[in-house]
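To be precise, the following lines are query-v3.cif, and they hold mmCIF, C-alpha atoms.
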data_coords
#
loop_
_atom_site.label_atom_id
_atom_site.label_comp_id
_atom_site.auth_asym_id
_atom_site.auth_seq_id
_atom_site.Cartn_x
_atom_site.Cartn_y
_atom_site.Cartn_z
CA MET W 18 0.00 0.00 0.00
CA VAL W 19 2.81 2.42 0.85
CA ASP W 20 6.49 2.12 -0.13
CA LEU W 21 8.22 4.09 2.62
CA LYS W 22 11.52 2.31 2.05
CA GLY W 23 11.64 3.29 -1.60
CA GLN W 24 10.93 6.91 -0.74
CA HIS W 25 13.61 6.86 1.95
CA ASP W 26 16.21 5.36 -0.38
CA ARG W 27 15.91 8.38 -2.68
CA ILE W 28 16.82 10.83 0.09
CA ARG W 29 18.85 8.54 2.33
CA ASP W 30 21.98 10.72 2.33
CA GLU W 31 20.00 13.87 3.21
CA ILE W 32 18.14 12.11 6.02
CA ASP W 33 21.28 10.50 7.40
CA ALA W 34 23.13 13.82 7.49
CA ALA W 35 20.24 15.61 9.19
CA VAL W 36 19.74 12.89 11.82
CA LEU W 37 23.45 12.54 12.55
CA GLU W 38 23.69 16.29 13.07
CA VAL W 39 20.97 16.07 15.73
CA MET W 40 22.60 13.08 17.39
CA ALA W 41 25.95 14.84 17.51
CA SER W 42 24.39 17.98 18.99
CA GLY W 43 22.80 16.18 21.94
CA SER W 44 19.78 18.48 21.58
CA TYR W 45 17.11 15.82 21.25
CA ILE W 46 14.09 17.75 22.55
CA GLN W 47 13.23 21.23 21.26
CA GLY W 48 16.47 21.47 19.28
CA PRO W 49 16.98 24.05 16.50
CA ALA W 50 15.49 21.74 13.85
CA VAL W 51 12.08 21.98 15.52
CA GLU W 52 11.78 25.74 15.14
CA GLU W 53 13.22 25.49 11.64
CA PHE W 54 10.50 23.05 10.69
CA GLU W 55 7.70 25.07 12.26
CA LEU W 56 8.79 28.18 10.37
CA GLY W 57 9.23 26.24 7.15
CA LEU W 58 5.80 24.62 7.33
CA ALA W 59 4.19 27.96 8.22
CA ARG W 60 5.70 29.49 5.07
CA TYR W 61 4.58 26.54 2.97
CA VAL W 62 0.93 26.55 4.03
CA GLY W 63 0.63 30.31 4.48
CA SER W 64 -0.10 30.27 8.19
CA ARG W 65 1.34 32.80 10.63
CA HIS W 66 2.01 30.19 13.28
CA VAL W 67 2.72 26.46 13.39
CA VAL W 68 3.13 24.65 16.71
CA SER W 69 4.46 21.13 16.43
CA CYS W 70 3.49 18.30 18.77
CA ALA W 71 3.77 14.54 19.19
CA SER W 72 0.91 13.37 16.93
CA GLY W 73 -2.08 14.41 14.88
CA THR W 74 -4.33 13.21 17.69
CA ASP W 75 -2.53 15.47 20.15
CA ALA W 76 -2.83 18.33 17.67
CA LEU W 77 -6.62 17.93 17.64
CA THR W 78 -6.73 17.68 21.43
CA ALA W 79 -4.52 20.72 21.98
CA ALA W 80 -6.52 22.75 19.46
CA LEU W 81 -9.78 21.92 21.24
CA MET W 82 -8.26 22.80 24.60
CA ALA W 83 -6.87 26.08 23.29
CA ALA W 84 -10.28 26.96 21.85
CA GLY W 85 -11.82 26.47 25.28
CA ILE W 86 -13.86 23.39 24.42
CA THR W 87 -14.66 21.56 27.62
CA ALA W 88 -17.13 19.32 29.46
CA GLY W 89 -20.74 19.84 28.41
CA ASP W 90 -19.85 21.37 25.04
CA GLU W 91 -20.87 19.82 21.74
CA VAL W 92 -18.62 19.59 18.68
CA ILE W 93 -20.02 18.79 15.24
CA THR W 94 -17.98 16.46 13.04
CA THR W 95 -18.27 13.54 10.64
CA PRO W 96 -18.73 9.84 11.48
CA PHE W 97 -16.75 8.80 8.40
CA THR W 98 -13.19 9.47 9.49
CA PHE W 99 -10.40 7.99 11.55
CA PHE W 100 -11.46 7.59 15.18
CA ALA W 101 -9.00 10.24 16.47
CA THR W 102 -11.25 13.11 15.36
CA ALA W 103 -14.11 12.16 17.66
CA GLY W 104 -11.72 10.67 20.20
CA ALA W 105 -10.06 14.05 20.74
CA VAL W 106 -13.46 15.64 21.38
CA VAL W 107 -14.26 13.08 24.07
CA ARG W 108 -10.77 13.45 25.51
CA VAL W 109 -11.49 17.08 26.45
CA GLY W 110 -14.85 16.12 27.98
CA ALA W 111 -17.04 17.36 25.13
CA LYS W 112 -19.60 15.45 23.07
CA PRO W 113 -19.15 14.66 19.36
CA VAL W 114 -22.30 15.37 17.36
CA PHE W 115 -22.19 13.62 14.03
CA VAL W 116 -23.33 14.91 10.65
CA ASP W 117 -23.52 12.66 7.61
CA ILE W 118 -21.28 13.01 4.58
CA CYS W 119 -21.62 13.90 0.92
CA GLU W 120 -21.44 10.50 -0.72
CA ASP W 121 -19.44 11.74 -3.70
CA THR W 122 -16.56 13.47 -1.85
CA PHE W 123 -16.75 11.49 1.44
CA ASN W 124 -16.59 14.80 3.36
CA ILE W 125 -19.08 16.28 5.82
CA ASN W 126 -22.28 17.59 4.21
CA PRO W 127 -22.59 21.34 4.95
CA ASN W 128 -26.34 21.23 4.25
CA LEU W 129 -26.89 19.01 7.29
CA ILE W 130 -24.84 20.95 9.84
CA GLU W 131 -27.21 23.70 10.90
CA GLU W 132 -29.97 21.33 12.01
CA LYS W 133 -27.55 19.76 14.52
CA ILE W 134 -26.60 23.04 16.21
CA THR W 135 -27.85 23.52 19.78
CA ARG W 136 -27.10 26.02 22.52
CA ARG W 137 -24.27 23.71 23.61
CA THR W 138 -22.59 23.58 20.21
CA LYS W 139 -19.23 25.32 20.39
CA ALA W 140 -17.21 24.04 17.43
CA VAL W 141 -17.20 22.27 14.09
CA ILE W 142 -14.42 19.93 12.97
CA PRO W 143 -14.58 19.35 9.21
CA VAL W 144 -12.27 16.52 8.10
CA HIS W 145 -10.49 16.82 4.76
CA LEU W 146 -10.65 13.11 4.04
CA PHE W 147 -8.28 11.20 1.76
CA GLY W 148 -6.56 14.42 0.59
CA GLN W 149 -9.45 16.63 -0.56
CA CYS W 150 -10.84 19.62 1.34
CA ALA W 151 -14.35 19.64 2.72
CA ASP W 152 -16.57 22.39 1.31
CA MET W 153 -15.28 25.08 3.62
CA GLU W 154 -17.02 28.22 2.38
CA PRO W 155 -20.52 27.25 3.55
CA ILE W 156 -19.10 25.63 6.70
CA LEU W 157 -17.32 28.85 7.65
CA ALA W 158 -20.47 30.87 6.92
CA ILE W 159 -22.57 28.63 9.18
CA ALA W 160 -19.95 28.85 11.92
CA ALA W 161 -19.90 32.64 11.66
CA ARG W 162 -23.70 32.85 11.95
CA HIS W 163 -23.71 30.73 15.09
CA ASN W 164 -20.44 31.95 16.65
CA LEU W 165 -18.78 28.54 16.38
CA VAL W 166 -15.08 27.73 16.31
CA VAL W 167 -13.88 25.88 13.20
CA ILE W 168 -11.01 23.45 13.75
CA GLU W 169 -9.87 21.75 10.56
CA ASP W 170 -8.74 18.14 10.64
CA ALA W 171 -6.25 18.35 7.79
CA CYS W 172 -4.28 15.27 8.84
CA GLN W 173 -4.84 13.64 5.44
CA ALA W 174 -4.83 16.71 3.22
CA LEU W 175 -1.74 18.81 3.90
CA GLY W 176 -0.93 20.68 0.69
CA ALA W 177 -4.48 20.64 -0.72
CA GLU W 178 -5.88 24.00 -1.82
CA TYR W 179 -9.45 25.27 -1.59
CA THR W 180 -10.78 28.06 -3.83
CA PHE W 181 -13.48 30.37 -2.48
CA SER W 182 -16.16 31.95 -4.67
CA ASP W 183 -14.27 35.26 -4.71
CA GLY W 184 -11.15 33.54 -6.08
CA THR W 185 -9.26 33.41 -2.78
CA VAL W 186 -7.15 30.27 -2.48
CA ARG W 187 -6.27 28.83 0.93
CA GLN W 188 -4.46 25.70 1.98
CA ALA W 189 -6.01 22.93 4.03
CA GLY W 190 -5.60 23.68 7.72
CA THR W 191 -5.45 27.47 7.31
CA MET W 192 -9.13 28.35 6.82
CA GLY W 193 -10.52 27.78 10.30
CA LEU W 194 -9.46 29.33 13.57
CA LEU W 195 -7.14 26.35 14.02
CA GLY W 196 -5.97 23.57 11.74
CA CYS W 197 -4.41 20.23 12.65
CA THR W 198 -2.19 17.85 10.76
CA SER W 199 -0.30 14.60 11.28
CA PHE W 200 3.17 13.45 10.29
CA PHE W 201 2.52 9.74 10.81
CA PRO W 202 4.95 7.90 8.49
CA THR W 203 2.32 7.01 5.86
CA LYS W 204 1.05 10.59 5.56
CA ASN W 205 2.01 12.58 2.46
CA LEU W 206 4.49 14.47 4.64
CA GLY W 207 5.52 11.82 7.13
CA CYS W 208 8.34 11.50 9.63
CA CYS W 209 9.96 8.32 10.98
CA GLY W 210 7.62 8.04 13.93
CA ASP W 211 4.66 9.99 15.28
CA GLY W 212 4.32 13.73 14.91
CA GLY W 213 1.75 16.46 14.40
CA ALA W 214 1.18 20.20 14.30
CA VAL W 215 -1.41 22.90 14.91
CA MET W 216 -1.71 25.83 12.49
CA THR W 217 -3.29 29.18 13.30
CA ASN W 218 -3.10 32.86 12.40
CA ASP W 219 -3.90 33.87 15.98
CA GLN W 220 -0.77 34.57 18.02
CA ASN W 221 -2.52 34.20 21.36
CA LEU W 222 -3.93 30.83 20.37
CA ALA W 223 -0.53 29.71 19.09
CA GLU W 224 1.04 30.59 22.44
CA LYS W 225 -1.74 28.76 24.25
CA VAL W 226 -1.30 25.63 22.13
CA ARG W 227 2.43 25.71 22.80
CA MET W 228 1.81 25.99 26.54
CA ILE W 229 -0.68 23.13 26.45
CA CYS W 230 1.85 20.91 24.70
CA HIS W 231 4.46 21.76 27.37
CA HIS W 232 2.54 20.82 30.52
CA GLY W 233 0.70 24.16 30.53
CA SER W 234 3.98 25.97 31.00
CA LYS W 235 5.44 29.01 29.27
CA GLU W 236 8.39 29.22 31.62
CA LYS W 237 9.96 25.96 32.74
CA TYR W 238 8.66 24.70 36.11
CA PHE W 239 5.96 27.42 36.25
CA HIS W 240 2.55 26.13 35.12
CA GLU W 241 -0.27 28.49 34.22
CA MET W 242 -2.74 25.79 33.15
CA PHE W 243 -3.16 22.03 32.83
CA GLY W 244 -1.62 20.69 29.67
CA MET W 245 0.11 17.60 28.38
CA ASN W 246 3.53 16.43 27.29
CA SER W 247 3.37 16.51 23.50
CA ARG W 248 6.45 17.59 21.61
CA LEU W 249 7.85 16.81 18.19
CA ASP W 250 11.33 15.53 18.96
CA THR W 251 14.32 17.02 17.18
CA VAL W 252 15.15 13.90 15.16
CA GLN W 253 11.66 13.83 13.66
CA ALA W 254 11.84 17.56 12.94
CA ALA W 255 15.15 17.03 11.14
CA VAL W 256 13.55 14.32 8.99
CA LEU W 257 10.60 16.57 8.22
CA ASN W 258 12.88 19.46 7.26
CA VAL W 259 14.37 17.24 4.57
CA LYS W 260 11.02 15.89 3.38
CA LEU W 261 9.40 19.33 3.27
CA LYS W 262 11.89 20.26 0.54
CA HIS W 263 10.56 17.33 -1.51
CA PHE W 264 6.91 17.71 -0.56
CA ASP W 265 5.75 19.21 -3.88
CA GLU W 266 7.46 16.31 -5.68
CA TYR W 267 5.61 13.84 -3.45
CA ILE W 268 2.24 15.43 -4.17
CA SER W 269 2.98 15.47 -7.90
CA ALA W 270 3.91 11.79 -7.82
CA ARG W 271 0.66 10.91 -6.10
CA ARG W 272 -1.35 12.98 -8.56
CA ARG W 273 0.40 11.25 -11.46
CA ALA W 274 -0.49 7.84 -10.04
CA ALA W 275 -4.07 8.97 -9.42
CA GLY W 276 -4.29 10.25 -12.99
CA HIS W 277 -3.26 6.81 -14.25
CA TYR W 278 -5.99 5.16 -12.17
CA LEU W 279 -8.61 7.70 -13.28
CA ASN W 280 -7.77 7.24 -16.96
CA GLU W 281 -7.40 3.48 -17.02
CA LEU W 282 -10.34 2.64 -14.76
CA ALA W 283 -12.82 5.09 -16.29
CA GLY W 284 -15.94 3.17 -17.22
CA CYS W 285 -14.81 0.00 -15.45
CA ALA W 286 -17.94 -1.95 -14.57
CA GLY W 287 -18.64 -2.18 -10.86
CA VAL W 288 -15.99 0.36 -9.82
CA GLN W 289 -16.90 3.96 -8.92
CA LEU W 290 -13.93 6.29 -9.07
CA PRO W 291 -13.38 9.13 -6.58
CA VAL W 292 -15.15 12.38 -7.42
CA LEU W 293 -12.87 15.40 -7.65
CA SER W 294 -14.25 18.60 -6.17
CA GLU W 295 -14.37 21.71 -8.32
CA LYS W 296 -13.38 23.78 -5.28
CA SER W 297 -10.48 21.74 -3.91
CA THR W 298 -7.34 20.20 -5.27
CA HIS W 299 -6.62 16.62 -4.20
CA THR W 300 -3.34 15.37 -2.74
CA PHE W 301 -4.42 11.70 -2.83
CA HIS W 302 -3.37 10.53 0.59
CA GLN W 303 -5.57 7.63 -0.43
CA PHE W 304 -7.05 6.60 -3.78
CA THR W 305 -10.41 5.29 -2.67
CA VAL W 306 -12.94 3.71 -5.00
CA LYS W 307 -16.37 2.26 -4.32
CA VAL W 308 -17.27 -1.28 -5.34
CA ASP W 309 -20.85 -2.35 -5.85
CA ALA W 310 -22.52 -3.64 -2.72
CA GLY W 311 -21.74 -7.26 -1.92
CA MET W 312 -18.73 -7.42 -4.24
CA ARG W 313 -16.03 -5.84 -2.09
CA ASP W 314 -14.70 -9.01 -0.46
CA SER W 315 -14.40 -10.87 -3.76
CA PHE W 316 -12.81 -7.79 -5.37
CA ARG W 317 -10.19 -7.56 -2.64
CA GLU W 318 -9.54 -11.30 -2.74
CA LEU W 319 -9.00 -11.18 -6.50
CA LEU W 320 -6.45 -8.39 -6.13
CA LYS W 321 -4.78 -10.19 -3.23
CA ARG W 322 -4.36 -13.34 -5.34
CA ASN W 323 -2.60 -11.19 -7.90
CA GLY W 324 -0.24 -9.67 -5.34
CA ILE W 325 -2.06 -6.33 -5.07
CA PRO W 326 -2.77 -5.04 -1.55
CA THR W 327 -5.92 -3.11 -0.67
CA THR W 328 -7.22 -1.53 2.52
CA VAL W 329 -10.63 -0.42 3.73
CA TYR W 330 -10.71 3.08 5.19
CA TYR W 331 -13.00 2.68 7.15
CA PRO W 332 -14.91 -0.56 7.76
CA LEU W 333 -17.10 0.84 10.56
CA PRO W 334 -18.24 4.46 10.96
CA VAL W 335 -17.37 6.18 14.22
CA HIS W 336 -20.96 6.36 15.48
CA LEU W 337 -21.23 2.55 15.39
CA GLN W 338 -18.00 1.93 17.26
CA ARG W 339 -18.67 0.12 20.53
CA CYS W 340 -17.91 3.20 22.64
CA PHE W 341 -20.53 5.25 20.77
CA SER W 342 -23.04 2.69 19.51
CA PRO W 343 -25.46 2.75 22.49
CA GLU W 344 -26.36 6.29 21.43
CA HIS W 345 -26.56 5.79 17.66
CA GLY W 346 -28.18 2.82 15.98
CA THR W 347 -27.70 1.47 12.48
CA GLY W 348 -29.32 3.78 9.95
CA SER W 349 -28.52 6.98 11.85
CA PHE W 350 -26.12 8.19 9.14
CA PRO W 351 -26.98 6.21 6.00
CA CYS W 352 -24.40 7.68 3.62
CA SER W 353 -21.52 7.03 6.01
CA GLU W 354 -22.75 3.51 6.71
CA ARG W 355 -23.18 2.74 3.01
CA VAL W 356 -19.72 3.90 1.96
CA CYS W 357 -18.18 1.90 4.82
CA ARG W 358 -19.60 -1.18 3.07
CA GLU W 359 -18.35 -0.14 -0.36
CA VAL W 360 -15.02 1.70 -0.15
CA VAL W 361 -11.68 0.16 -1.09
CA SER W 362 -8.36 1.99 -1.21
CA LEU W 363 -5.84 0.98 -3.87
CA PRO W 364 -2.05 1.27 -3.51
CA MET W 365 -1.07 4.95 -3.41
CA HIS W 366 2.42 6.28 -2.74
CA THR W 367 5.24 8.23 -4.33
CA GLU W 368 7.11 5.22 -5.70
CA LEU W 369 4.42 3.68 -7.93
CA ASP W 370 5.80 3.29 -11.45
CA ASP W 371 3.94 2.90 -14.74
CA SER W 372 4.36 -0.86 -14.88
CA GLN W 373 2.91 -1.31 -11.39
CA LEU W 374 0.02 1.02 -12.12
CA GLN W 375 -0.70 -0.69 -15.43
CA TYR W 376 -0.67 -4.12 -13.79
CA ILE W 377 -3.08 -2.99 -11.06
CA CYS W 378 -5.44 -1.40 -13.57
CA GLN W 379 -5.39 -4.33 -15.99
CA THR W 380 -6.14 -6.71 -13.13
CA ILE W 381 -9.13 -4.63 -12.07
CA VAL W 382 -10.46 -4.12 -15.60
CA SER W 383 -10.29 -7.85 -16.32
CA SER W 384 -11.93 -8.76 -13.01
CA GLN W 385 -15.45 -8.68 -14.53
CA LEU W 386 -17.14 -7.68 -11.29
#
Exercise: express the given structure as structure tokens:
Amino acid sequence: MVDLKGQHDRIRDEIDAAVLEVMASGSYIQGPAVEEFELGLARYVGSRHVVSCASGTDALTAALMAAGITAGDEVITTPFTFFATAGAVVRVGAKPVFVDICEDTFNINPNLIEEKITRRTKAVIPVHLFGQCADMEPILAIAARHNLVVIEDACQALGAEYTFSDGTVRQAGTMGLLGCTSFFPTKNLGCCGDGGAVMTNDQNLAEKVRMICHHGSKEKYFHEMFGMNSRLDTVQAAVLNVKLKHFDEYISARRRAAGHYLNELAGCAGVQLPVLSEKSTHTFHQFTVKVDAGMRDSFRELLKRNGIPTTVYYPLPVHLQRCFSPEHGTGSFPCSERVCREVVSLPMHTELDDSQLQYICQTIVSSQL
């Protein structure tokens, strides 16, 4: 599914030099490479501030804490996403309120948000799933009307761009009050372990996030609030500094692979290709198709027999996970539940070559679903 070794081999000398420099310095936590990376990523996405942390999950949690979301509050988000989105909401004592998705883009449906707003609603977390931005313009308008905080979950879509009706172009993670991303190794910009970051244009919020990630402390051993220990270590920052220089190449490689899939699988019986938004570019963290109901297992088995891996993101929507299911029964969010039965992600990474792509596509086309 992901060839991290092949990607690493291409930049091995750069990575080795950067890591060895950190090891020789002895500055393993909050070394110079961390600030360098935060400034570099801020320039890349067009955000005034980037605060790094230990994971994308921690980024979401710290953002919620900084925004003042707490026990008794409600946060609107999607049930078709990785569990961490809703998990972070619960972690700060708030309640996730789910809104179904648009079946074509897999992202939260803005038309269904307003009916879920109550006096306890304090925030909305749109998730930019699989590498494509949610429809942010109407989401931001709804949030403005109801005085809600928007926290973007951009963990899968770093580098994607959204175009507003007035022509303004903004990057994923920079449109809400706060934006969160992940540097898990398989992400488009991934380190060699866990890592994450919060993006914001608000200096006070940036300082608050940084305090939260350092035990609630601005000055060492003096704690102004309760926080957590969540820091991007210097080795991971050094790796990310190298990879950030290649990030545009990585996105281009993924788009080239996606273009091959889109061309070769167009019209393939039984396979529905991803729908590309007119408002957002796509960075193809995943290339996710839908297979006609009841055919997914046989489709995956066929590809497996031919040496082609597949993955299902995600087999069970968040609202039906055991920790949430007493509150939400089957049928509560029909689009999310349906796509969970139909989606299949094909291999997608920077090292896919034409022969591999052609083999995958020919296998699928000849499958006669």
*Written as a list of chain:residue names, what is the full residue list that the PyMOL selection byres ((chain W and resi 254-268) around 8) yields on the file shown?*
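That expression, the PyMOL selection byres ((chain W and resi 254-268) around 8), corresponds here to W:Glu31, W:Ile32, W:Ala35, W:Val36, W:Val39, W:Ala50, W:Val51, W:Glu53, W:Phe54, W:Gly57, W:Leu58, W:Gly176, W:Asn205, W:Leu206, W:Gly207, W:Cys208, W:Cys209, W:Leu249, W:Asp250, W:Thr251, W:Val252, W:Gln253, W:Ser269, W:Ala270, W:Arg271, W:Arg272, W:Thr300, W:Phe301, W:Thr367.
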*Carefully work through the PyMOL selection byres ((chain W and resi 316-331) around 6) for this structure and note down the residues it includes, as a list in words.*
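Here the PyMOL selection byres ((chain W and resi 316-331) around 6) matches Met18, Arg313, Asp314, Ser315, Pro332, Leu333, Cys357, Val361, Ser362 and Leu363 of chain W.
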*Go through W:Gln47, W:Cys340, W:Ser383, W:Asn128 and flag the residue nearest Cys70 (chain W), using all atoms listed in the file for the distances.*
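Of the candidates, the smallest distance to Cys70 (chain W) is held by W:Gln47.
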Using all atoms listed in the file, which protein or nucleic acid residues come within 9 Å of Glu131 (chain W)? Drop anything in the same chain fewer than 3 positions from it, and give the result as a compact mmCIF listing (two decimals) with C-alpha atoms, in the frame of the given file.
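part.txt, written as the output of this step:
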# COMPACT_ATOMS: atom_id res chain seq x y z
CA PRO W 127 -22.59 21.34 4.95
CA ASN W 128 -26.34 21.23 4.25
CA ILE W 134 -26.60 23.04 16.21
CA THR W 135 -27.85 23.52 19.78
CA ILE W 159 -22.57 28.63 9.18
CA ALA W 160 -19.95 28.85 11.92
CA HIS W 163 -23.71 30.73 15.09
*Which residue, W:Met245, W:Cys352, W:Leu194, W:Val186, has the smallest gap to Arg108 (chain W) when you use all atoms listed in the file?*
W:Met245
*Where does the PyMOL selection byres ((chain W and resi 130) around 10) land in this file, that is, which residues does it pick, as a list in words?*
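So the PyMOL selection byres ((chain W and resi 130) around 10), applied here, picks out Ile93, Thr94, Thr95, Val114, Phe115, Val116, Asp117, Ile125, Asn126, Pro127, Asn128, Leu129, Glu131, Glu132, Lys133, Ile134, Val141, Pro155, Ile156, Ile159 and Ala160 of chain W.
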*Pick out the closest residue to Thr98 (chain W) from this set: W:Leu157, W:Val335, W:Met228, W:Ala189. Count only C-alpha atoms.*
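With only C-alpha atoms as the atom set, the closest residue is W:Val335.
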*Just the residues within 12 Å of Asp20 (chain W), please, counting only C-alpha atoms, with nothing from its chain fewer than 6 positions along; format it as number ranges by chain.*
W: 26-27, 202-205, 326, 364-370
